[in-house]
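J.: Mind having a look at this structure? Questions to follow.
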Amino acid sequence: HQEMVGEEMGDQDGVLMFDESGFSKKGDCSAGTSRQYNGEIGKVDNCQVGVFAGYASPKGYGLVDKRLFMSEKWFEDDYEEKREKCKVPDDLTFKTKPELAAEMFFDIVAKDNLLFNYIVADNLYGNSPTFIDAVESCVDKTYMVSAACNTLFWLRRPVTEEHVYQHEGEQRSKQVLAENEKAPITFDTFAKNLHNVFWYKRTVSEGAKGPIEYEFTKRNVMLAKDGLPDKNVWLIIRRTVGKNPEYSYYISNAPVSTRLNFFVWLSGIRWAVEQCFQECKSGLGMGEYQVRKYTGWNRHMLTCMLAHFFLWHIKIALEDKAPAITLPQIRLLLEVVCLLYTSPSPRD
């Protein structure tokens, strides 16, 4: 699937996107089902949650990988019988959502079927050292991920010094802030005290009711970790236009010379993965399934991903002449295609 997406949509300016999507369930017998946050309805509910990797380029967008998130309780002894009924692989272990995203990222890089230069994700992944370490391991890739409003930073790197102290009769040392250095501040504090002259209005996309505009600003900052300077990144702040603005925060490892318009573009590209979820759920039955087994969930999601890609294939091949196509027709075509690929010989 990734190879086909790469052939049809691959572009040097390709973007990898990571996000999760919830699937409400009434019972508790399906693999991974538990009470957890369901982003689709915006609250904690009984549901399954999948972590997905998406791909977007100037030629199109689609989902390219998936993992079923299974909470820790599913790996406890009390759930052994359920794991057996749901055919959960014996070697499967608990992984957080950012760990699942990092796993997919490494798989995509290893397969090398998708051209991409950029990575975007929301703050669940942006606040995860595991995920950030994964994307930073590819030194030629640029990420821009959402960050929490209470993230601490300095506008310049603070001076540190070595502090020598005694511990249980043993002399030790550690790095501390120099005496005259100020404590770090939060993204939220900085943004809400920034003068209006430093904000720039930009159009992110064209909506049904006209251009969608936000105000942006950027700063090269030093993040804080355990009260000490950690890494130098771009801080990009976006706020809604008008009274009582709402703020969004992003960090990026982009080069120092990067212009604001680049960050404006990346901030709006994540809509593509949300669009994938909406199109797959509303038209391709992504959330309409009765399977309970771990393998069944994965097969259903892959089928929906293939169906979504098939629609893009039609659109790319036929451009404006692409015909309207119904869900039953898509399923029939996929059955024929799958048979062609799995038959032992063309004659069969």
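Here, A, B, ... name the chains of the structure tokens in the order displayed, residue numbers run from 1 inside each chain, and ligands are numbered from 1 in the same displayed order.
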Skip A:Asp11 itself and residues of its chain fewer than 3 positions away, then list as a list in words all residues within 10 Å of it, counting only C-alpha atoms.
T.: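 After dropping sequence-adjacent residues, the list is Gly6, Glu7, Glu8, Gly14, Val15, Ala56, Ser57, Pro58, Lys59, Gly60, Leu114, Leu115, Phe116 and Asn117 of chain A.
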J.: Could you pull the residues within 7 Å of stretch 32-36 of chain A, counting only C-alpha atoms, minus those fewer than 6 positions along the same chain, as an NGL selection string?
T.: :A and (44-48 or 69-71 or 74)
J.: So, counting only C-alpha atoms, which residue among A:Val135, A:Val233, A:Ala191, A:Val145 is closest to A:Glu215?
T.: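 Among A:Val135, A:Val233, A:Ala191, A:Val145, it is A:Ala191 that comes nearest to A:Glu215.
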J.: Expressed in Å to a single decimal, how great is the separation between atom CA of A:Val264 and atom CA of A:Trp234?
T.: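 Between these atoms lies a distance of 12.9 Å.
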J.: May I ask for the distance between atom CA of A:Met144 and atom CA of A:Gln175, given in Å to one decimal place?
T.: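 That distance, rounded to one decimal, is 29.6 Å.
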J.: Pick out the closest residue to A:Gly50 from this set: A:Leu318, A:Ile108, A:Leu302, A:Cys149. Count only C-alpha atoms.
T.: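 Selected residue with least distance to A:Gly50: A:Leu302.
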J.: I'd like to know which residues of stretch 224-256 of chain A are strand (DSSP E or B) (by DSSP, run on the backbone); could you write them as number ranges by chain?
T.: A: 224-225, 228-240, 247-252
J.: Point out the residue among A:Tyr125, A:Phe216, A:Phe106, A:Phe18 with the least atom-to-atom distance to A:Arg259, counting only C-alpha atoms.
T.: A:Phe216
J.: Could I get the residues of stretch 50-154 of chain A with an atom no further than 12 Å from an atom of stretch 245-255 of chain A, each paired with its nearest atom pair and that distance in Å to one decimal, using only C-alpha atoms, sorted by chain and residue number, as JSON lines?
T.:
{"residue": "A:Asn117", "atom": "CA", "partner": "A:Ala254", "partner_atom": "CA", "distance": 10.9}
{"residue": "A:Tyr118", "atom": "CA", "partner": "A:Ala254", "partner_atom": "CA", "distance": 9.6}
{"residue": "A:Ile119", "atom": "CA", "partner": "A:Ser252", "partner_atom": "CA", "distance": 9.6}
{"residue": "A:Val120", "atom": "CA", "partner": "A:Ser252", "partner_atom": "CA", "distance": 9.4}
{"residue": "A:Ala121", "atom": "CA", "partner": "A:Tyr250", "partner_atom": "CA", "distance": 9.6}
{"residue": "A:Asp122", "atom": "CA", "partner": "A:Tyr250", "partner_atom": "CA", "distance": 8.7}
{"residue": "A:Asn123", "atom": "CA", "partner": "A:Tyr250", "partner_atom": "CA", "distance": 8.2}
{"residue": "A:Leu124", "atom": "CA", "partner": "A:Tyr250", "partner_atom": "CA", "distance": 11.9}
{"residue": "A:Tyr125", "atom": "CA", "partner": "A:Tyr250", "partner_atom": "CA", "distance": 11.4}
{"residue": "A:Gly126", "atom": "CA", "partner": "A:Ile251", "partner_atom": "CA", "distance": 7.9}
{"residue": "A:Asn127", "atom": "CA", "partner": "A:Ile251", "partner_atom": "CA", "distance": 9.9}
{"residue": "A:Ile132", "atom": "CA", "partner": "A:Asn253", "partner_atom": "CA", "distance": 10.2}
{"residue": "A:Asp133", "atom": "CA", "partner": "A:Asn253", "partner_atom": "CA", "distance": 11.8}
{"residue": "A:Val135", "atom": "CA", "partner": "A:Asn253", "partner_atom": "CA", "distance": 10.1}
{"residue": "A:Glu136", "atom": "CA", "partner": "A:Asn253", "partner_atom": "CA", "distance": 8.4}
{"residue": "A:Ser137", "atom": "CA", "partner": "A:Asn253", "partner_atom": "CA", "distance": 11.9}
{"residue": "A:Cys138", "atom": "CA", "partner": "A:Asn253", "partner_atom": "CA", "distance": 11.4}
{"residue": "A:Val139", "atom": "CA", "partner": "A:Asn253", "partner_atom": "CA", "distance": 9.7}
{"residue": "A:Asp140", "atom": "CA", "partner": "A:Ala254", "partner_atom": "CA", "distance": 9.9}
{"residue": "A:Lys141", "atom": "CA", "partner": "A:Ala254", "partner_atom": "CA", "distance": 8.6}
{"residue": "A:Thr142", "atom": "CA", "partner": "A:Ala254", "partner_atom": "CA", "distance": 5.6}
{"residue": "A:Tyr143", "atom": "CA", "partner": "A:Ser252", "partner_atom": "CA", "distance": 5.4}
{"residue": "A:Met144", "atom": "CA", "partner": "A:Ser252", "partner_atom": "CA", "distance": 4.4}
{"residue": "A:Val145", "atom": "CA", "partner": "A:Tyr250", "partner_atom": "CA", "distance": 5.3}
{"residue": "A:Ser146", "atom": "CA", "partner": "A:Tyr250", "partner_atom": "CA", "distance": 4.2}
{"residue": "A:Ala147", "atom": "CA", "partner": "A:Tyr250", "partner_atom": "CA", "distance": 5.2}
{"residue": "A:Ala148", "atom": "CA", "partner": "A:Tyr249", "partner_atom": "CA", "distance": 6.8}
{"residue": "A:Cys149", "atom": "CA", "partner": "A:Tyr249", "partner_atom": "CA", "distance": 6.7}
{"residue": "A:Asn150", "atom": "CA", "partner": "A:Tyr249", "partner_atom": "CA", "distance": 9.9}
{"residue": "A:Thr151", "atom": "CA", "partner": "A:Tyr249", "partner_atom": "CA", "distance": 9.3}
{"residue": "A:Leu152", "atom": "CA", "partner": "A:Ile251", "partner_atom": "CA", "distance": 12.0}
{"residue": "A:Phe153", "atom": "CA", "partner": "A:Ile251", "partner_atom": "CA", "distance": 11.2}
J.: Would you give me, as JSON lines, each residue of stretch 22-76 of chain A having an atom within 8 Å of an atom of stretch 265-285 of chain A, along with its shortest atom pair and that distance in Å to one decimal, using only C-alpha atoms and sorting by chain and residue number?
T.:
{"residue": "A:Gly54", "atom": "CA", "partner": "A:Val273", "partner_atom": "CA", "distance": 5.8}
{"residue": "A:Tyr55", "atom": "CA", "partner": "A:Val273", "partner_atom": "CA", "distance": 7.7}
{"residue": "A:Ala56", "atom": "CA", "partner": "A:Ala272", "partner_atom": "CA", "distance": 6.8}
{"residue": "A:Tyr61", "atom": "CA", "partner": "A:Ala272", "partner_atom": "CA", "distance": 6.5}
{"residue": "A:Gly62", "atom": "CA", "partner": "A:Cys276", "partner_atom": "CA", "distance": 6.1}
{"residue": "A:Leu63", "atom": "CA", "partner": "A:Cys276", "partner_atom": "CA", "distance": 6.8}
J.: So that I have them on file, write out the residues from the current selection with N, CA and C atoms, as a tab-separated table (two decimals), in the first residue's frame.
T.:
chain	number	residue	atom	x	y	z
A	54	GLY	N	-0.40	9.28	8.37
A	54	GLY	CA	-0.94	9.77	7.11
A	54	GLY	C	0.16	10.36	6.26
A	55	TYR	N	-0.13	10.53	4.99
A	55	TYR	CA	0.82	11.12	4.05
A	55	TYR	C	0.09	12.15	3.21
A	56	ALA	N	0.72	13.31	3.02
A	56	ALA	CA	0.14	14.36	2.20
A	56	ALA	C	1.22	14.95	1.32
A	61	TYR	N	-3.58	12.93	-0.58
A	61	TYR	CA	-3.33	12.56	0.81
A	61	TYR	C	-4.02	11.24	1.12
A	62	GLY	N	-3.53	10.55	2.12
A	62	GLY	CA	-4.12	9.28	2.51
A	62	GLY	C	-3.46	8.73	3.76
A	63	LEU	N	-4.06	7.68	4.31
A	63	LEU	CA	-3.49	6.98	5.47
A	63	LEU	C	-2.56	5.88	4.98
J.: Excluding A:Asn38 and residues on its chain fewer than 4 positions from it, collect all residues at most 8 Å away from it, counting only C-alpha atoms, and give them as number ranges by chain.
T.: A: 21-24, 42-45, 47, 49
J.: Could you give me, as a ChimeraX atom specification, each residue of stretch 4-245 of chain A that DSSP assigns to alpha helix (DSSP H) when run on this structure's backbone?
T.: /A:4-9,80-85,97-111,123-126,129-136,187-192
J.: With C-alpha atoms retained, could you export that selection as a CSV table (one decimal), in the first residue's frame?
T.:
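Saved file part.csv follows:
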chain,number,residue,atom,x,y,z
A,4,MET,CA,1.4,2.5,-4.4
A,5,VAL,CA,0.9,5.7,-2.4
A,6,GLY,CA,4.5,6.6,-3.1
A,7,GLU,CA,4.2,6.0,-6.8
A,8,GLU,CA,1.1,8.1,-7.2
A,9,MET,CA,1.5,10.8,-4.6
A,80,GLU,CA,-5.7,-13.3,29.4
A,81,GLU,CA,-8.9,-15.0,28.4
A,82,LYS,CA,-10.0,-11.9,26.4
A,83,ARG,CA,-6.6,-11.7,24.7
A,84,GLU,CA,-7.0,-15.3,23.6
A,85,LYS,CA,-10.6,-14.7,22.3
A,97,LYS,CA,0.5,6.1,21.5
A,98,PRO,CA,3.7,8.1,20.9
A,99,GLU,CA,5.6,4.8,21.0
A,100,LEU,CA,3.3,3.3,18.4
A,101,ALA,CA,3.8,6.4,16.3
A,102,ALA,CA,7.6,6.2,16.6
A,103,GLU,CA,7.4,2.5,15.6
A,104,MET,CA,5.4,3.4,12.5
A,105,PHE,CA,7.9,6.2,11.7
A,106,PHE,CA,10.9,3.9,11.9
A,107,ASP,CA,9.0,1.3,9.7
A,108,ILE,CA,8.2,3.9,7.0
A,109,VAL,CA,11.8,5.2,7.0
A,110,ALA,CA,13.1,1.6,6.7
A,111,LYS,CA,10.8,0.6,3.8
A,123,ASN,CA,0.8,17.8,21.2
A,124,LEU,CA,0.3,14.2,22.5
A,125,TYR,CA,3.3,13.3,20.3
A,126,GLY,CA,5.0,16.7,20.5
A,129,PRO,CA,10.5,12.5,24.2
A,130,THR,CA,10.2,9.1,22.6
A,131,PHE,CA,8.5,10.5,19.5
A,132,ILE,CA,10.7,13.5,19.2
A,133,ASP,CA,13.9,11.4,19.6
A,134,ALA,CA,12.5,9.1,16.8
A,135,VAL,CA,12.0,11.9,14.3
A,136,GLU,CA,15.2,13.7,15.3
A,187,PHE,CA,4.6,29.5,26.1
A,188,ASP,CA,1.2,30.8,27.3
A,189,THR,CA,2.7,33.6,29.5
A,190,PHE,CA,4.9,34.8,26.6
A,191,ALA,CA,2.1,34.7,24.0
A,192,LYS,CA,-0.5,36.6,26.0
J.: So which one's closest to A:Tyr294, A:Leu306, A:Leu68, A:Ile237, A:Leu223? Using only C-alpha atoms, please.
T.: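 Looking at the shortest contact to A:Tyr294, the residue is A:Leu68.
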J.: Which one of A:His308, A:Lys73, A:Lys218, A:His300 sits closest to A:Phe94 if you count only C-alpha atoms?
T.: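 Checking each of A:His308, A:Lys73, A:Lys218, A:His300 against A:Phe94, counting only C-alpha atoms, the winner is A:Lys73.
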J.: Could you tell me which of A:Val64, A:Val159, A:Ala224, A:Leu92 comes closest to A:Ile185 if we count only C-alpha atoms?
T.: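 Comparing A:Val64, A:Val159, A:Ala224, A:Leu92 against A:Ile185, the winner is A:Ala224.
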J.: To one decimal place, how far is atom CA of A:His1 from atom CA of A:Glu40 in Å?
T.: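 Separation between atom CA of A:His1 and atom CA of A:Glu40: 25.7 Å.
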J.: Do a neighbour search on A:Glu181 at 9 Å with only C-alpha atoms, toss out local chain neighbours closer than 3 positions, and write the hits as a list of chain:residue names.
T.: A:Pro158, A:Val159, A:Thr160, A:Leu177, A:Ala178
J.: Give me a file of those residues, with N, CA, C and O atoms, as a tab-separated table (two decimals), in the first residue's frame.
T.:
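Final output, saved to part39.tsv:
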chain	number	residue	atom	x	y	z
A	158	PRO	N	20.35	30.39	28.87
A	158	PRO	CA	20.83	30.94	30.14
A	158	PRO	C	22.23	30.41	30.48
A	158	PRO	O	22.64	29.35	30.01
A	159	VAL	N	22.92	31.17	31.30
A	159	VAL	CA	24.24	30.75	31.76
A	159	VAL	C	24.06	29.74	32.90
A	159	VAL	O	23.25	29.94	33.81
A	160	THR	N	24.83	28.66	32.84
A	160	THR	CA	24.80	27.66	33.92
A	160	THR	C	26.19	27.57	34.56
A	160	THR	O	27.19	28.00	33.97
A	177	LEU	N	21.45	26.86	37.26
A	177	LEU	CA	21.42	28.19	36.66
A	177	LEU	C	22.33	29.13	37.43
A	177	LEU	O	22.43	29.05	38.65
A	178	ALA	N	22.99	30.01	36.69
A	178	ALA	CA	23.80	31.03	37.34
A	178	ALA	C	22.91	31.91	38.21
A	178	ALA	O	21.70	32.05	37.97
